[in-house]
file upload.txt (compact mmCIF, C-alpha atoms)
# COMPACT_ATOMS: atom_id res chain seq x y z
CA MET A 1 -22.52 11.08 2.39
CA PRO A 2 -21.04 8.09 0.52
CA ALA A 3 -17.40 7.18 1.07
CA THR A 4 -14.48 7.08 -1.38
CA VAL A 5 -11.88 4.31 -1.52
CA VAL A 6 -8.36 4.85 -2.86
CA VAL A 7 -6.62 1.61 -3.81
CA GLY A 8 -3.40 0.60 -5.53
CA THR A 9 -3.98 -1.40 -8.71
CA GLN A 10 -0.57 -3.00 -9.26
CA TRP A 11 2.03 -4.37 -6.81
CA GLY A 12 2.23 -1.26 -4.68
CA ASP A 13 4.42 1.84 -4.87
CA GLU A 14 2.02 3.45 -7.33
CA GLY A 15 2.15 6.83 -5.60
CA LYS A 16 -1.05 6.42 -3.59
CA GLY A 17 0.14 8.83 -0.92
CA LYS A 18 0.33 11.79 -3.27
CA PHE A 19 -3.15 11.36 -4.69
CA THR A 20 -4.69 10.35 -1.38
CA ASP A 21 -3.28 13.60 -0.02
CA LEU A 22 -4.83 15.42 -2.98
CA PHE A 23 -8.27 13.81 -2.59
CA ALA A 24 -8.10 14.45 1.16
CA ARG A 25 -8.47 18.20 0.63
CA ASP A 26 -12.25 17.77 0.46
CA GLN A 27 -12.58 15.15 3.20
CA HIS A 28 -13.41 15.21 6.89
CA LEU A 29 -11.99 11.78 7.79
CA VAL A 30 -9.17 9.86 6.12
CA VAL A 31 -9.17 6.25 7.28
CA ARG A 32 -6.34 3.77 6.78
CA TYR A 33 -8.08 0.38 6.59
CA GLN A 34 -5.37 -2.33 6.45
CA GLY A 35 -1.65 -3.12 6.43
CA GLY A 36 1.06 -2.00 8.80
CA HIS A 37 4.32 -0.11 8.64
CA ASN A 38 5.38 -2.20 5.65
CA ALA A 39 3.57 0.47 3.63
CA GLY A 40 5.36 3.64 2.59
CA HIS A 41 3.68 6.78 1.30
CA THR A 42 5.85 9.73 0.28
CA LEU A 43 4.38 13.22 0.08
CA VAL A 44 6.35 16.19 -1.25
CA VAL A 45 5.05 19.54 0.03
CA ASP A 46 6.88 22.76 -0.84
CA GLY A 47 9.99 20.72 -1.59
CA GLU A 48 9.90 18.89 1.74
CA SER A 49 9.38 15.11 1.82
CA PHE A 50 7.10 13.42 4.35
CA LYS A 51 7.51 9.65 4.47
CA LEU A 52 4.50 8.06 6.13
CA GLN A 53 4.15 4.44 7.21
CA LEU A 54 1.16 4.20 9.53
CA VAL A 55 -0.34 7.68 9.75
CA PRO A 56 -3.02 8.33 7.09
CA SER A 57 -2.04 10.74 4.32
CA GLY A 58 -4.60 13.35 5.42
CA ILE A 59 -2.50 14.21 8.47
CA LEU A 60 -1.03 17.23 6.67
CA TYR A 61 -4.41 19.00 6.56
CA PRO A 62 -5.51 20.69 9.80
CA HIS A 63 -9.24 20.18 9.03
CA ILE A 64 -8.96 16.40 8.68
CA VAL A 65 -9.30 13.72 11.34
CA PRO A 66 -6.92 10.91 10.33
CA VAL A 67 -7.99 7.46 11.54
CA ILE A 68 -6.06 4.20 11.84
CA GLY A 69 -8.82 1.63 11.35
CA ASN A 70 -9.43 -1.73 12.96
CA GLY A 71 -7.95 -3.61 9.98
CA VAL A 72 -4.45 -2.18 10.53
CA VAL A 73 -1.69 -3.84 12.56
CA VAL A 74 0.20 -1.27 14.63
CA ASP A 75 3.72 -1.25 16.00
CA PRO A 76 3.27 1.46 18.65
CA ARG A 77 6.98 2.21 18.74
CA VAL A 78 7.03 2.93 15.02
CA LEU A 79 3.85 4.99 15.25
CA ILE A 80 5.28 7.17 18.02
CA ALA A 81 8.50 7.71 16.05
CA GLU A 82 6.41 8.76 13.05
CA LEU A 83 4.39 11.17 15.17
CA ASP A 84 7.62 12.65 16.53
CA MET A 85 8.92 13.10 12.99
CA LEU A 86 5.77 14.90 11.88
CA GLU A 87 5.68 17.14 14.93
CA SER A 88 9.35 18.07 14.42
CA LYS A 89 8.27 19.37 11.00
CA GLY A 90 5.46 21.43 12.45
CA VAL A 91 2.59 19.03 11.74
CA ASP A 92 -0.14 18.84 14.39
CA THR A 93 -0.81 15.14 15.12
CA SER A 94 -3.26 15.62 18.00
CA LYS A 95 -6.30 14.80 15.82
CA LEU A 96 -5.09 11.28 15.01
CA LYS A 97 -7.44 8.53 16.14
CA ILE A 98 -6.57 4.84 16.50
CA SER A 99 -9.10 2.04 16.52
CA GLY A 100 -9.12 0.13 19.78
CA ASN A 101 -9.71 -3.01 17.70
CA ALA A 102 -6.52 -2.67 15.63
CA HIS A 103 -3.98 -5.35 16.48
CA LEU A 104 -0.54 -4.74 17.93
CA ILE A 105 2.81 -5.83 16.50
CA PHE A 106 5.34 -7.09 19.06
CA PRO A 107 9.07 -7.85 18.96
CA TYR A 108 8.30 -11.56 18.75
CA HIS A 109 6.37 -10.98 15.53
CA GLN A 110 9.39 -9.33 13.98
CA GLU A 111 11.76 -12.05 15.18
CA LEU A 112 9.50 -14.74 13.74
CA ASP A 113 9.30 -12.84 10.46
CA LYS A 114 13.10 -12.67 10.14
CA LEU A 115 13.75 -16.23 11.28
CA THR A 116 11.08 -17.73 9.04
CA GLU A 117 12.36 -15.91 5.96
CA ARG A 118 15.90 -17.05 6.74
CA ARG A 119 14.74 -20.64 7.18
CA LEU A 120 12.86 -20.62 3.88
CA GLY A 121 16.06 -19.66 2.02
CA LYS A 122 15.51 -19.49 -1.73
CA ASN A 123 11.78 -20.10 -1.20
CA LYS A 124 11.35 -17.00 0.95
CA VAL A 125 8.35 -14.74 0.33
CA GLY A 126 10.37 -11.53 0.43
CA THR A 127 8.64 -9.83 3.35
CA THR A 128 9.78 -6.52 4.83
CA LYS A 129 10.51 -8.40 8.09
CA ARG A 130 8.41 -5.89 10.02
CA GLY A 131 6.28 -8.54 11.73
CA ILE A 132 3.18 -7.81 9.67
CA GLY A 133 2.41 -11.38 8.61
CA PRO A 134 2.95 -12.96 12.06
CA ALA A 135 0.75 -10.27 13.65
CA TYR A 136 -2.07 -11.02 11.22
CA ALA A 137 -1.51 -14.76 11.80
CA ASP A 138 -1.98 -14.23 15.56
CA LYS A 139 -5.11 -12.20 14.82
CA ALA A 140 -6.56 -15.10 12.82
CA ALA A 141 -5.47 -17.57 15.50
CA ARG A 142 -7.24 -15.39 18.11
CA VAL A 143 -4.16 -14.93 20.26
CA GLY A 144 -3.34 -11.35 19.22
CA LEU A 145 -3.30 -8.33 21.49
CA ARG A 146 -5.23 -5.27 20.39
CA VAL A 147 -4.64 -1.55 20.83
CA GLN A 148 -7.40 -1.42 23.46
CA ASP A 149 -5.37 -3.84 25.60
CA LEU A 150 -2.88 -1.02 26.20
CA LEU A 151 -5.57 0.59 28.36
CA ASP A 152 -5.84 -2.41 30.72
CA PRO A 153 -2.42 -3.39 32.15
CA LYS A 154 -3.77 -6.49 33.89
CA ILE A 155 -5.39 -7.94 30.76
CA PHE A 156 -2.40 -6.87 28.66
CA ARG A 157 0.03 -8.75 30.87
CA GLU A 158 -2.13 -11.88 31.07
CA LYS A 159 -2.43 -12.05 27.28
CA LEU A 160 1.25 -11.23 26.72
CA ASP A 161 2.45 -13.92 29.15
CA ALA A 162 0.24 -16.55 27.53
CA VAL A 163 1.27 -15.82 23.95
CA LEU A 164 4.96 -15.25 24.72
CA LYS A 165 5.17 -18.63 26.45
CA GLU A 166 4.23 -20.26 23.14
CA LYS A 167 6.46 -17.99 21.04
CA ASN A 168 9.50 -18.60 23.25
CA ALA A 169 8.97 -22.34 22.92
CA ILE A 170 9.10 -21.92 19.15
CA PHE A 171 12.23 -19.75 19.37
CA ALA A 172 13.98 -22.39 21.48
CA LYS A 173 12.86 -25.62 19.82
CA VAL A 174 12.63 -24.59 16.18
CA PHE A 175 15.15 -21.77 15.80
CA ASN A 176 17.52 -22.40 18.72
CA GLN A 177 17.06 -18.80 19.84
CA LEU A 178 17.04 -17.25 23.32
CA PRO A 179 13.62 -16.34 24.78
CA LEU A 180 12.25 -12.81 24.78
CA ASP A 181 11.63 -11.06 28.10
CA ALA A 182 7.96 -10.39 28.87
CA ASP A 183 8.87 -7.85 31.55
CA ALA A 184 10.89 -5.76 29.10
CA ILE A 185 8.14 -5.83 26.49
CA ALA A 186 5.46 -4.91 29.02
CA GLU A 187 7.56 -2.07 30.39
CA GLU A 188 8.02 -0.56 26.94
CA TYR A 189 4.46 -1.02 25.72
CA LEU A 190 2.65 -0.12 28.96
CA GLY A 191 5.15 2.31 30.42
CA VAL A 192 6.18 4.23 27.31
CA CYS A 193 3.73 3.61 24.47
CA ALA A 194 0.40 3.44 26.29
CA PRO A 195 0.56 6.91 27.93
CA ARG A 196 1.46 8.52 24.61
CA LEU A 197 -1.23 6.79 22.55
CA ALA A 198 -4.07 6.50 25.08
CA PRO A 199 -5.69 9.88 24.18
CA MET A 200 -5.90 8.76 20.54
CA ILE A 201 -7.53 5.35 21.09
CA THR A 202 -11.21 5.35 20.17
CA ASP A 203 -14.24 3.49 18.84
CA SER A 204 -13.37 4.10 15.21
CA VAL A 205 -16.50 2.42 13.82
CA ASN A 206 -18.72 4.82 15.75
CA LEU A 207 -16.53 7.77 14.73
CA ILE A 208 -16.72 6.89 11.03
CA HIS A 209 -20.49 6.28 11.08
CA GLU A 210 -21.18 9.52 12.92
CA SER A 211 -19.23 11.34 10.22
CA LEU A 212 -21.09 9.57 7.39
CA GLU A 213 -24.46 10.18 9.05
CA ALA A 214 -23.60 13.86 9.40
CA GLY A 215 -23.11 14.07 5.65
CA GLU A 216 -19.34 14.45 5.87
CA ASN A 217 -16.84 13.12 3.33
CA VAL A 218 -14.88 10.01 4.32
CA LEU A 219 -11.86 8.73 2.41
CA LEU A 220 -10.75 5.13 2.92
CA GLU A 221 -7.05 4.65 2.21
CA GLY A 222 -5.49 1.29 1.40
CA ALA A 223 -1.87 0.26 1.76
CA GLN A 224 0.04 -2.05 -0.60
CA ALA A 225 -2.09 -2.90 -3.64
CA THR A 226 -4.47 -5.20 -5.49
CA PHE A 227 -1.92 -7.82 -6.56
CA LEU A 228 -0.50 -8.02 -3.06
CA ASP A 229 -3.94 -8.91 -1.71
CA LEU A 230 -3.98 -12.08 0.39
CA ASP A 231 -6.88 -13.58 -1.59
CA HIS A 232 -6.52 -12.03 -5.03
CA GLY A 233 -2.81 -11.26 -5.39
CA THR A 234 0.06 -13.34 -6.77
CA TYR A 235 0.00 -15.72 -3.79
CA PRO A 236 2.15 -16.54 -1.83
CA PHE A 237 4.12 -13.40 -2.78
CA VAL A 238 1.52 -11.15 -1.18
CA THR A 239 0.81 -9.22 1.98
CA SER A 240 -1.24 -10.64 4.85
CA SER A 241 -4.36 -8.49 4.53
CA ASN A 242 -6.86 -7.33 1.90
CA PRO A 243 -5.86 -4.07 0.16
CA VAL A 244 -8.67 -4.43 -2.43
CA ALA A 245 -11.63 -2.09 -2.13
CA GLY A 246 -13.69 -4.77 -0.39
CA GLY A 247 -11.13 -4.77 2.41
CA ALA A 248 -12.14 -1.20 3.19
CA CYS A 249 -15.48 -2.45 4.49
CA THR A 250 -14.04 -4.91 7.01
CA GLY A 251 -10.97 -2.79 7.78
CA ALA A 252 -13.00 0.32 8.58
CA GLY A 253 -16.28 -1.19 9.75
CA ILE A 254 -18.73 0.07 7.15
CA GLY A 255 -21.03 -1.69 4.68
CA PRO A 256 -20.56 -1.55 0.89
CA ARG A 257 -23.63 0.64 0.37
CA TYR A 258 -21.69 3.57 1.83
CA ILE A 259 -19.07 3.42 -0.94
CA ASP A 260 -19.89 5.04 -4.26
CA ARG A 261 -16.45 5.95 -5.61
CA VAL A 262 -13.40 3.72 -5.96
CA ILE A 263 -10.28 5.39 -7.33
CA GLY A 264 -7.52 3.12 -8.58
CA ILE A 265 -3.95 4.42 -8.55
CA ALA A 266 -1.69 3.10 -11.31
CA LYS A 267 1.86 3.97 -12.24
CA ALA A 268 2.52 4.73 -15.93
CA TYR A 269 4.73 1.64 -15.86
CA THR A 270 4.83 -1.33 -13.48
CA THR A 271 7.03 -2.10 -10.48
CA ARG A 272 7.16 -4.65 -7.71
CA VAL A 273 9.40 -5.42 -4.74
CA GLY A 274 10.47 -8.89 -3.72
CA THR A 275 9.79 -12.26 -5.27
CA GLY A 276 6.94 -13.33 -7.56
CA PRO A 277 5.80 -13.40 -11.19
CA PHE A 278 6.19 -10.23 -13.27
CA PRO A 279 5.29 -10.76 -16.96
CA THR A 280 6.44 -7.34 -18.24
CA GLU A 281 9.63 -7.13 -16.17
CA LEU A 282 12.56 -5.43 -17.90
CA LEU A 283 15.93 -6.94 -17.05
CA ASP A 284 17.86 -4.65 -19.35
CA GLU A 285 19.05 -1.09 -19.78
CA THR A 286 15.46 0.15 -20.15
CA GLY A 287 14.56 -1.34 -16.78
CA ASP A 288 17.62 0.32 -15.24
CA ARG A 289 16.57 3.67 -16.71
CA LEU A 290 13.14 3.35 -15.14
CA ILE A 291 14.77 2.65 -11.77
CA ASP A 292 17.16 5.59 -12.05
CA ILE A 293 14.73 8.17 -13.43
CA GLY A 294 11.79 7.02 -11.33
CA HIS A 295 13.89 6.64 -8.15
CA GLU A 296 12.48 3.17 -7.73
CA TYR A 297 13.65 2.27 -4.28
CA GLY A 298 11.39 1.32 -1.38
CA THR A 299 10.25 4.19 0.87
CA ASN A 300 10.70 2.06 3.98
CA THR A 301 13.23 -0.59 3.06
CA GLY A 302 15.35 1.12 0.42
CA ARG A 303 15.10 -2.06 -1.64
CA ARG A 304 15.55 -1.68 -5.39
CA ARG A 305 12.26 -2.26 -7.18
CA ARG A 306 11.81 -4.45 -10.22
CA THR A 307 10.47 -2.50 -13.21
CA GLY A 308 8.52 -3.24 -16.38
CA TRP A 309 6.13 -1.82 -18.95
CA PHE A 310 2.52 -1.00 -18.09
CA ASP A 311 0.42 -4.17 -17.88
CA ALA A 312 -3.16 -3.63 -19.07
CA VAL A 313 -4.00 -7.29 -18.40
CA MET A 314 -3.37 -6.72 -14.70
CA LEU A 315 -5.34 -3.50 -14.71
CA ARG A 316 -8.40 -5.07 -16.29
CA HIS A 317 -8.42 -7.57 -13.45
CA ALA A 318 -7.92 -4.79 -10.90
CA VAL A 319 -10.93 -2.96 -12.37
CA ARG A 320 -13.04 -6.06 -11.75
CA LEU A 321 -11.74 -6.82 -8.27
CA ASN A 322 -12.22 -3.27 -7.02
CA SER A 323 -15.20 -2.06 -9.09
CA LEU A 324 -13.05 0.91 -10.07
CA SER A 325 -14.90 4.04 -11.06
CA GLU A 326 -11.79 5.86 -12.29
CA LEU A 327 -8.00 5.76 -12.51
CA ALA A 328 -5.30 8.16 -11.44
CA VAL A 329 -2.03 7.60 -13.32
CA THR A 330 1.25 8.59 -11.68
CA LYS A 331 4.81 9.20 -12.87
CA LEU A 332 4.04 9.83 -16.54
CA ASP A 333 6.98 12.25 -16.56
CA VAL A 334 9.42 9.35 -16.06
CA PHE A 335 8.96 8.65 -19.80
CA ASP A 336 9.96 12.19 -20.84
CA THR A 337 13.28 11.08 -22.39
CA PHE A 338 12.13 7.75 -23.87
CA ASP A 339 12.08 7.31 -27.65
CA SER A 340 9.25 4.79 -27.38
CA VAL A 341 7.00 3.28 -24.70
CA LYS A 342 4.98 0.08 -24.54
CA ILE A 343 1.75 -1.26 -23.06
CA CYS A 344 1.15 -4.97 -22.54
CA VAL A 345 -2.30 -5.76 -23.97
CA ALA A 346 -2.32 -9.56 -23.61
CA TYR A 347 -0.23 -12.60 -22.67
CA GLU A 348 0.65 -15.62 -24.79
CA LEU A 349 1.58 -19.16 -23.80
CA ASP A 350 1.77 -22.18 -26.11
CA GLY A 351 -0.41 -20.48 -28.70
CA GLU A 352 -3.10 -19.42 -26.24
CA VAL A 353 -3.74 -15.71 -25.79
CA PHE A 354 -4.87 -14.34 -22.42
CA THR A 355 -6.57 -10.95 -22.28
CA HIS A 356 -7.40 -11.42 -18.58
CA MET A 357 -5.23 -12.68 -15.75
CA PRO A 358 -4.77 -16.47 -15.88
CA TYR A 359 -5.98 -17.94 -12.61
CA HIS A 360 -3.18 -20.52 -12.41
CA GLN A 361 0.07 -19.21 -11.00
CA SER A 362 2.20 -21.59 -13.06
CA VAL A 363 0.75 -20.09 -16.23
CA LEU A 364 1.43 -16.53 -15.07
CA HIS A 365 5.07 -17.40 -14.43
CA LYS A 366 5.53 -18.60 -18.04
CA VAL A 367 3.53 -16.19 -20.20
CA THR A 368 5.07 -13.87 -22.77
CA PRO A 369 3.65 -10.33 -22.94
CA ILE A 370 2.12 -9.02 -26.15
CA TYR A 371 2.86 -5.30 -26.57
CA GLU A 372 1.57 -2.26 -28.37
CA GLU A 373 4.38 0.26 -28.91
CA PHE A 374 4.01 4.03 -28.98
CA PRO A 375 6.41 6.85 -29.88
CA GLY A 376 7.81 8.80 -26.95
CA TRP A 377 7.41 12.53 -26.59
CA ASN A 378 10.99 13.56 -25.72
CA SER A 379 9.86 16.70 -23.93
CA ASP A 380 9.47 17.88 -20.36
CA ILE A 381 5.86 17.56 -19.14
CA THR A 382 6.52 18.35 -15.47
CA SER A 383 4.98 21.82 -15.75
CA ALA A 384 1.84 20.69 -17.61
CA THR A 385 -1.34 21.64 -15.74
CA THR A 386 -4.01 20.73 -18.30
CA ARG A 387 -4.66 17.88 -20.71
CA ALA A 388 -4.19 20.29 -23.62
CA GLU A 389 -0.60 20.95 -22.53
CA LEU A 390 0.43 17.31 -22.95
CA PRO A 391 2.32 16.35 -26.12
CA ALA A 392 0.23 14.46 -28.67
CA GLU A 393 2.30 11.32 -28.05
CA ALA A 394 1.63 11.38 -24.29
CA LEU A 395 -2.05 11.98 -24.96
CA ALA A 396 -2.14 8.99 -27.34
CA TYR A 397 -0.46 6.78 -24.75
CA LEU A 398 -2.97 7.68 -22.03
CA THR A 399 -5.98 7.48 -24.33
CA PHE A 400 -5.00 3.97 -25.43
CA LEU A 401 -4.36 2.94 -21.81
CA GLU A 402 -7.77 4.26 -20.80
CA ALA A 403 -9.49 2.29 -23.56
CA GLN A 404 -7.60 -0.90 -22.65
CA VAL A 405 -8.60 -0.94 -19.00
CA GLY A 406 -12.17 0.26 -19.51
CA VAL A 407 -12.43 3.08 -16.94
CA PRO A 408 -11.76 6.79 -17.34
CA ILE A 409 -8.53 8.43 -16.20
CA GLY A 410 -9.31 11.31 -13.88
CA LEU A 411 -5.89 12.58 -12.85
CA VAL A 412 -2.34 12.26 -14.18
CA GLY A 413 0.79 12.85 -12.13
CA VAL A 414 3.57 14.70 -13.97
CA GLY A 415 6.10 15.08 -11.14
CA PRO A 416 6.71 14.28 -7.48
CA GLY A 417 5.42 17.59 -6.10
CA ARG A 418 2.06 17.88 -4.37
CA ASP A 419 0.66 20.06 -7.16
CA GLN A 420 2.35 18.40 -10.13
CA PHE A 421 -0.75 16.82 -11.64
CA LEU A 422 -3.42 17.57 -14.23
CA ARG A 423 -7.02 16.62 -14.79
CA PHE A 424 -7.30 14.26 -17.73
CA ASP A 425 -11.09 14.20 -17.71
CA ALA A 426 -11.48 17.99 -17.94
call {"tool": "encode", "arguments": {"input": "upload.txt", "output": "structure tokens"}}
result
Amino acid sequence: MPATVVVGTQWGDEGKGKFTDLFARDQHLVVRYQGGHNAGHTLVVDGESFKLQLVPSGILYPHIVPVIGNGVVVDPRVLIAELDMLESKGVDTSKLKISGNAHLIFPYHQELDKLTERRLGKNKVGTTKRGIGPAYADKAARVGLRVQDLLDPKIFREKLDAVLKEKNAIFAKVFNQLPLDADAIAEEYLGVCAPRLAPMITDSVNLIHESLEAGENVLLEGAQATFLDLDHGTYPFVTSSNPVAGGACTGAGIGPRYIDRVIGIAKAYTTRVGTGPFPTELLDETGDRLIDIGHEYGTNTGRRRRTGWFDAVMLRHAVRLNSLSELAVTKLDVFDTFDSVKICVAYELDGEVFTHMPYHQSVLHKVTPIYEEFPGWNSDITSATTRAELPAEALAYLTFLEAQVGVPIGLVGVGPGRDQFLRFDA
């Protein structure tokens, strides 16, 4: 059975968790394929919020095996705290599986993340300071420790001592910081984390392929989003992995022939956190309204998000990068009290019009958006369950958006609740 990929198409925070949870109803495995606990997915079930960072969204379904794939970087302390939170709310987490090839995040990664950002000053990237980037850097440098190392205390300690010797030299000579204690780290990771996680550690590639070969449905879940991709995002203001659909292959260990459906999640407007270009950003009362009505604050960090109108130029590029087969649009209800709404259809700079993303970052920083404006609907759509129940103005907005990006809209979110959505293609 072919696999499905769910990917964010903007700068993250599109509401992937809600729709991944929805698509998961018909799946057997839900596999998180990249990122770390810098991701935040919020699910609202029967009025109760579940804020997930590492655990795949399918955890709330008893029939699903949630898998943390090899492309993820894992802070075991954070993962255990998340499991405790879920279990305190009555969620069975015993089915969770963790790839033995996923890399571990350590305290020295987080210290380096904080110190480096501080040292960069006004040129900082705007990371979440969770150690994600330094962990991926160690992975690329081939000095990282993997989840499987938790099962071999001797190897774990040898690798930890070797890498920490180098990190402590950096702390002392570059940042004038005290060294970290290898004994304390080993005691926490081997003495506390390893016993708790050991039953969950597995050969995830074999698990996923056995499921596919048995004809079962597999959902591959990305964190962050297309324009935070290390290769294709607004570099250097990006994450340290590949959230695009292609990253699902390396991050889960399957070939592209297994994937036949790629669902892009897009918010009805645009947001981003941290530094970087944002052509449609609204630095006015309208932007503040989007923040207030849309509750645009980071799930993990609480940071206020930057907001702007929907950017069809970005989405066209996301369609290409991910080979999107369809879109799911979230948070349409945020516009319920707006007199008018806009969609950016192109950029302009020095008389040149761009209908696709300019490849040069300096150009992207300077462009002016070209908008199409639409009347608002000034009505509450949060109880709409079918396309026919949408106001004509909302229907016109979505139909134009669909035509601009070139792929059909399958689902539309009309509220934060698990069941507040409608099929747009019905």
call {"tool": "closest_residue", "arguments": {"input": "upload.txt", "among": "A:Ser204, A:Gln361, A:Thr355, A:Thr226", "to": "Leu321 of chain A", "atoms": "only C-alpha atoms"}}
result
A:Thr226
call {"tool": "axis_aligned_box", "arguments": {"input": "upload.txt", "around": "segment 145-158 of chain A", "padding_each_side": "8 Å", "output": "JSON"}}
result
{"center_x": -3.7, "center_y": -5.6, "center_z": 27.1, "size_x": 23.4, "size_y": 28.5, "size_z": 29.5}
call {"tool": "atom_distance", "arguments": {"input": "upload.txt", "atom1": "atom CA of Thr202 of chain A", "atom2": "atom CA of Ala252 of chain A"}}
result
12.8 Å
call {"tool": "residues_around", "arguments": {"input": "upload.txt", "residues": "segment 366-379 of chain A", "least_positions_apart": "2", "cutoff": "10 Å", "atoms": "all atoms listed in the file", "output": "PDB file with C-alpha atoms, keeping the file's coordinate frame"}}
result
ATOM      1  CA  PRO A 277       5.800 -13.400 -11.190  1.00  0.00           C
ATOM      2  CA  PHE A 278       6.190 -10.230 -13.270  1.00  0.00           C
ATOM      3  CA  PRO A 279       5.290 -10.760 -16.960  1.00  0.00           C
ATOM      4  CA  THR A 280       6.440  -7.340 -18.240  1.00  0.00           C
ATOM      5  CA  GLU A 281       9.630  -7.130 -16.170  1.00  0.00           C
ATOM      6  CA  TRP A 309       6.130  -1.820 -18.950  1.00  0.00           C
ATOM      7  CA  PHE A 310       2.520  -1.000 -18.090  1.00  0.00           C
ATOM      8  CA  ASP A 311       0.420  -4.170 -17.880  1.00  0.00           C
ATOM      9  CA  ALA A 312      -3.160  -3.630 -19.070  1.00  0.00           C
ATOM     10  CA  VAL A 313      -4.000  -7.290 -18.400  1.00  0.00           C
ATOM     11  CA  ASP A 333       6.980  12.250 -16.560  1.00  0.00           C
ATOM     12  CA  PHE A 335       8.960   8.650 -19.800  1.00  0.00           C
ATOM     13  CA  ASP A 336       9.960  12.190 -20.840  1.00  0.00           C
ATOM     14  CA  THR A 337      13.280  11.080 -22.390  1.00  0.00           C
ATOM     15  CA  PHE A 338      12.130   7.750 -23.870  1.00  0.00           C
ATOM     16  CA  ASP A 339      12.080   7.310 -27.650  1.00  0.00           C
ATOM     17  CA  SER A 340       9.250   4.790 -27.380  1.00  0.00           C
ATOM     18  CA  VAL A 341       7.000   3.280 -24.700  1.00  0.00           C
ATOM     19  CA  LYS A 342       4.980   0.080 -24.540  1.00  0.00           C
ATOM     20  CA  ILE A 343       1.750  -1.260 -23.060  1.00  0.00           C
ATOM     21  CA  CYS A 344       1.150  -4.970 -22.540  1.00  0.00           C
ATOM     22  CA  VAL A 345      -2.300  -5.760 -23.970  1.00  0.00           C
ATOM     23  CA  ALA A 346      -2.320  -9.560 -23.610  1.00  0.00           C
ATOM     24  CA  TYR A 347      -0.230 -12.600 -22.670  1.00  0.00           C
ATOM     25  CA  GLU A 348       0.650 -15.620 -24.790  1.00  0.00           C
ATOM     26  CA  LEU A 349       1.580 -19.160 -23.800  1.00  0.00           C
ATOM     27  CA  ASP A 350       1.770 -22.180 -26.110  1.00  0.00           C
ATOM     28  CA  GLU A 352      -3.100 -19.420 -26.240  1.00  0.00           C
ATOM     29  CA  VAL A 353      -3.740 -15.710 -25.790  1.00  0.00           C
ATOM     30  CA  PHE A 354      -4.870 -14.340 -22.420  1.00  0.00           C
ATOM     31  CA  THR A 355      -6.570 -10.950 -22.280  1.00  0.00           C
ATOM     32  CA  PRO A 358      -4.770 -16.470 -15.880  1.00  0.00           C
ATOM     33  CA  GLN A 361       0.070 -19.210 -11.000  1.00  0.00           C
ATOM     34  CA  SER A 362       2.200 -21.590 -13.060  1.00  0.00           C
ATOM     35  CA  VAL A 363       0.750 -20.090 -16.230  1.00  0.00           C
ATOM     36  CA  LEU A 364       1.430 -16.530 -15.070  1.00  0.00           C
ATOM     37  CA  ILE A 381       5.860  17.560 -19.140  1.00  0.00           C
ATOM     38  CA  THR A 382       6.520  18.350 -15.470  1.00  0.00           C
ATOM     39  CA  LEU A 390       0.430  17.310 -22.950  1.00  0.00           C
ATOM     40  CA  PRO A 391       2.320  16.350 -26.120  1.00  0.00           C
ATOM     41  CA  ALA A 392       0.230  14.460 -28.670  1.00  0.00           C
ATOM     42  CA  GLU A 393       2.300  11.320 -28.050  1.00  0.00           C
ATOM     43  CA  ALA A 394       1.630  11.380 -24.290  1.00  0.00           C
ATOM     44  CA  LEU A 395      -2.050  11.980 -24.960  1.00  0.00           C
ATOM     45  CA  ALA A 396      -2.140   8.990 -27.340  1.00  0.00           C
ATOM     46  CA  TYR A 397      -0.460   6.780 -24.750  1.00  0.00           C
ATOM     47  CA  PHE A 400      -5.000   3.970 -25.430  1.00  0.00           C
TER      48      PHE A 400
END
call {"tool": "residues_around", "arguments": {"input": "upload.txt", "residues": "Ala225 of chain A", "least_positions_apart": "4", "cutoff": "8 Å", "atoms": "only C-alpha atoms", "output": "JSON, numbers by chain"}}
result
{"A": [7, 8, 9, 10, 11, 12, 229, 243, 244]}
call {"tool": "residues_around", "arguments": {"input": "upload.txt", "residues": "Ala162 of chain A", "least_positions_apart": "5", "cutoff": "12 Å", "atoms": "only C-alpha atoms", "output": "VMD selection string"}}
result
chain A and resid 143 to 145 155 to 157 167 to 169 182
call {"tool": "residues_around", "arguments": {"input": "upload.txt", "residues": "Ile201 of chain A", "least_positions_apart": "3", "cutoff": "9 Å", "atoms": "only C-alpha atoms", "output": "PyMOL selection string"}}
result
chain A and resi 96-100+147-148+151+197-198+204
call {"tool": "closest_residue", "arguments": {"input": "upload.txt", "among": "A:Arg272, A:His37, A:Lys267, A:Arg25", "to": "Leu79 of chain A", "atoms": "only C-alpha atoms"}}
result
A:His37
call {"tool": "atom_distance", "arguments": {"input": "upload.txt", "atom1": "atom CA of Arg316 of chain A", "atom2": "atom CA of Val405 of chain A"}}
result
4.9 Å
call {"tool": "closest_residue", "arguments": {"input": "upload.txt", "among": "A:Lys114, A:His232, A:Arg130, A:Glu158", "to": "His317 of chain A", "atoms": "all atoms listed in the file"}}
result
A:His232
call {"tool": "atom_distance", "arguments": {"input": "upload.txt", "atom1": "atom CA of Glu216 of chain A", "atom2": "atom CA of Arg418 of chain A"}}
result
24.0 Å
call {"tool": "closest_residue", "arguments": {"input": "upload.txt", "among": "A:Lys16, A:Arg289, A:His365, A:Arg146", "to": "Asp75 of chain A", "atoms": "only C-alpha atoms"}}
result
A:Arg146
call {"tool": "residues_around", "arguments": {"input": "upload.txt", "residues": "Ser325 of chain A", "least_positions_apart": "6", "cutoff": "9 Å", "atoms": "all atoms listed in the file", "output": "list in words"}}
result
Asp260, Arg261, Val262, Ile263, Gly264, Val319, Val407 and Pro408 of chain A
call {"tool": "closest_residue", "arguments": {"input": "upload.txt", "among": "A:Leu220, A:Ala102, A:Val238, A:Ala384", "to": "Arg423 of chain A", "atoms": "all atoms listed in the file"}}
result
A:Ala384
